[in-house]
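Worksheet: one structure, shown below.
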Amino acid sequence: MMMTIEPGASVRRGGSAVLEASEKTFTDMILLGPPGAGKGTQALRLVERFGIPQISTGNILREAAAQGTPLGLKADGYMKRGELVPDDLIIGLIDRRLREDDCERGFLLDGFPRTMPQAQALDGILEMMERPLNLVVALEVSADTVVERNSLRRCCLNCGATYHLKNHPPRRAGICDQCGRELIHREDDREEVIRRRLQVYDSQTQPLIHYYRANGLVRSINGELPVDEVTAILARMVEEGTRE
Ligand code: AP5
């Protein structure tokens, strides 16, 4: 699927990021990694840099739960227990989201796919849309890092910014630097739930790395590196993986 954008044109993306379009390029990518690997942190930076939308199924579900929508009510219990929300609820949501206008030049999937049926459904959706995936990045971190990062994480439900009480604290305690809203400690960021999420990742999501590796799409990054270093490596991978 091709779309022409004049060099230098500004394109508004999902009401948040503005892209200075200098090239006719496309990036359809997935960020994979265990809870707390830094997917959300890096996704926000890539959105700013490349002007493609972050599609975070976790953020969509948390927003739905906060608003008490039918989807949110169904998903809430699974999320609180650290279990995956059933595939049929997630796949339809992604199918609709990828057809929105802001995905025309690419998208960054954060938290999807998480199971083999989700990955196969994504293949089908992209085939229908005649646009192949061009990059899957696996962020690798240890189990200890997962527990430490998630326990000390604080999140803004309004703009999606995340903080870490030690490594990246907000300027004012409990308040988001970006939008001034109150920060929350996610219910699934309690240690016993974090450990359950990690088990679920290992059994259901980690195998997808092998699935995508068979297509030669996977690049791995040491997610234990400082945030800026991970961003620099990731940005290079996106630039190399971008297709015309
Ligand atoms: P979701 O919201 O997707 O959670 P997750 O995958 O567990 O990932 P996290 O958001 O916990 O971590 P992250 O990798 O984004 O890390 P972050 O950047 O915040 O899903 C939640 C739930 O929703 C699931 O359990 C499930 O129930 C449901 N769900 C969602 N998608 C689903 C799907 N497709 N199918 C079924 N169910 C689904 O960073 C973490 C912390 O570390 C932050 O404090 C950050 O500041 C810090 N940090 C980040 N990078 C670094 C670094 N390099 N160095 C030091 N600190 C860092």
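Residues in the structure tokens are numbered from 1 in each chain, the chains being A, B, ... in the order shown, and ligands are numbered from 1 in the order shown.
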Enumerate, in order of chain and increasing residue number, the residues of chain A with an atom no farther than 6 Å from ligand 1, each with its shortest atom pair and distance in Å to one decimal, counting only C-alpha atoms and all ligand atoms, as a tab-separated table.
residue	atom	partner	partner_atom_place_in_ligand_line	distance
A:Pro34	CA	ligand 1	6 (O)	5.9
A:Pro35	CA	ligand 1	7 (O)	3.4
A:Gly36	CA	ligand 1	16 (O)	3.4
A:Ala37	CA	ligand 1	14 (O)	3.9
A:Gly38	CA	ligand 1	18 (O)	3.2
A:Lys39	CA	ligand 1	14 (O)	3.7
A:Gly40	CA	ligand 1	15 (O)	3.6
A:Thr41	CA	ligand 1	18 (O)	3.6
A:Thr57	CA	ligand 1	31 (N)	4.3
A:Gly58	CA	ligand 1	2 (O)	3.4
A:Asn59	CA	ligand 1	2 (O)	5.8
A:Tyr78	CA	ligand 1	27 (O)	5.2
A:Met79	CA	ligand 1	27 (O)	3.5
A:Gly82	CA	ligand 1	25 (O)	4.5
A:Glu83	CA	ligand 1	27 (O)	4.8
A:Leu84	CA	ligand 1	37 (N)	3.8
A:Val85	CA	ligand 1	37 (N)	3.9
A:Pro86	CA	ligand 1	36 (C)	6.0
A:Ile90	CA	ligand 1	35 (N)	5.9
A:Gly111	CA	ligand 1	3 (O)	4.2
A:Phe112	CA	ligand 1	34 (N)	4.0
A:Pro113	CA	ligand 1	34 (N)	5.0
A:Arg114	CA	ligand 1	34 (N)	4.9
A:Arg149	CA	ligand 1	42 (O)	4.4
A:Asn150	CA	ligand 1	41 (C)	5.4
A:Arg153	CA	ligand 1	44 (O)	3.7
A:Thr162	CA	ligand 1	46 (O)	5.3
A:Tyr163	CA	ligand 1	46 (O)	4.2
A:His164	CA	ligand 1	44 (O)	3.7
A:His168	CA	ligand 1	46 (O)	5.8
A:Arg197	CA	ligand 1	25 (O)	5.8
A:Gly223	CA	ligand 1	53 (N)	5.4
A:Glu224	CA	ligand 1	53 (N)	5.3
A:Leu225	CA	ligand 1	53 (N)	5.1
A:Pro226	CA	ligand 1	53 (N)	4.3
A:Val227	CA	ligand 1	53 (N)	3.7
With the cut-off set at 10 Å and counting only C-alpha atoms, tabulate each residue of segment 133-214 of chain A with an atom at most that distance from an atom of segment 230-237 of chain A, showing the nearest atom pair and its distance in Å to one decimal, ordered by chain and increasing number, as a tab-separated table.
residue	atom	partner	partner_atom	distance
A:Leu135	CA	A:Met237	CA	8.2
A:Val136	CA	A:Met237	CA	9.8
A:Val137	CA	A:Leu234	CA	8.0
A:Leu139	CA	A:Val230	CA	8.9
Practice problem: List the neighbours of Arg154 of chain A out to 9 Å using only C-alpha atoms; skip same-chain residues closer than 5 positions along the sequence, and give me the result as number ranges by chain. | Solution: A: 161-165, 169-170, 174, 183-186
Self-check item: Residue among A:Leu152, A:Leu46, A:Val200, A:Val238 lying closest to Val218 of chain A, counting only C-alpha atoms
Solution: A:Val238
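Closest approach to Asn222 of chain A among A:Val141, A:Met129, A:Ala43, A:Ile55 is made by A:Val141 (distances from only C-alpha atoms).
For the residues A:Cys156, A:Gly216, A:Cys176, A:Val147, ranking by smallest atom-to-atom distance to Arg195 of chain A using only C-alpha atoms places A:Val147 first.
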Exercise. Pull the alpha helix (DSSP H) assignments for segment 33-173 of chain A out of DSSP run on the backbone, and list those residues as a VMD selection string.
Key: chain A and resid 39 to 50 57 to 67 70 to 81 87 to 98 116 to 128 143 to 151
Practice problem: Could you tell me which of A:Thr27, A:Ala143, A:Leu108, A:Leu133 comes closest to Tyr201 of chain A if we count only C-alpha atoms? | Solution: A:Ala143
Quiz prompt | Nearest residue to Ile221 of chain A from the set A:Gly92, A:Gly33, A:Pro117, A:Gly160 (distances using only C-alpha atoms) | solution = A:Gly33
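Atom CA of Ile125 of chain A sits 13.2 Å away from atom CA of Cys103 of chain A.
Note that atom CA of Leu126 of chain A and atom CA of Arg213 of chain A are 17.7 Å apart.
A straight line drawn from atom CA of Glu63 of chain A to atom CA of Gly124 of chain A is 26.7 Å long.
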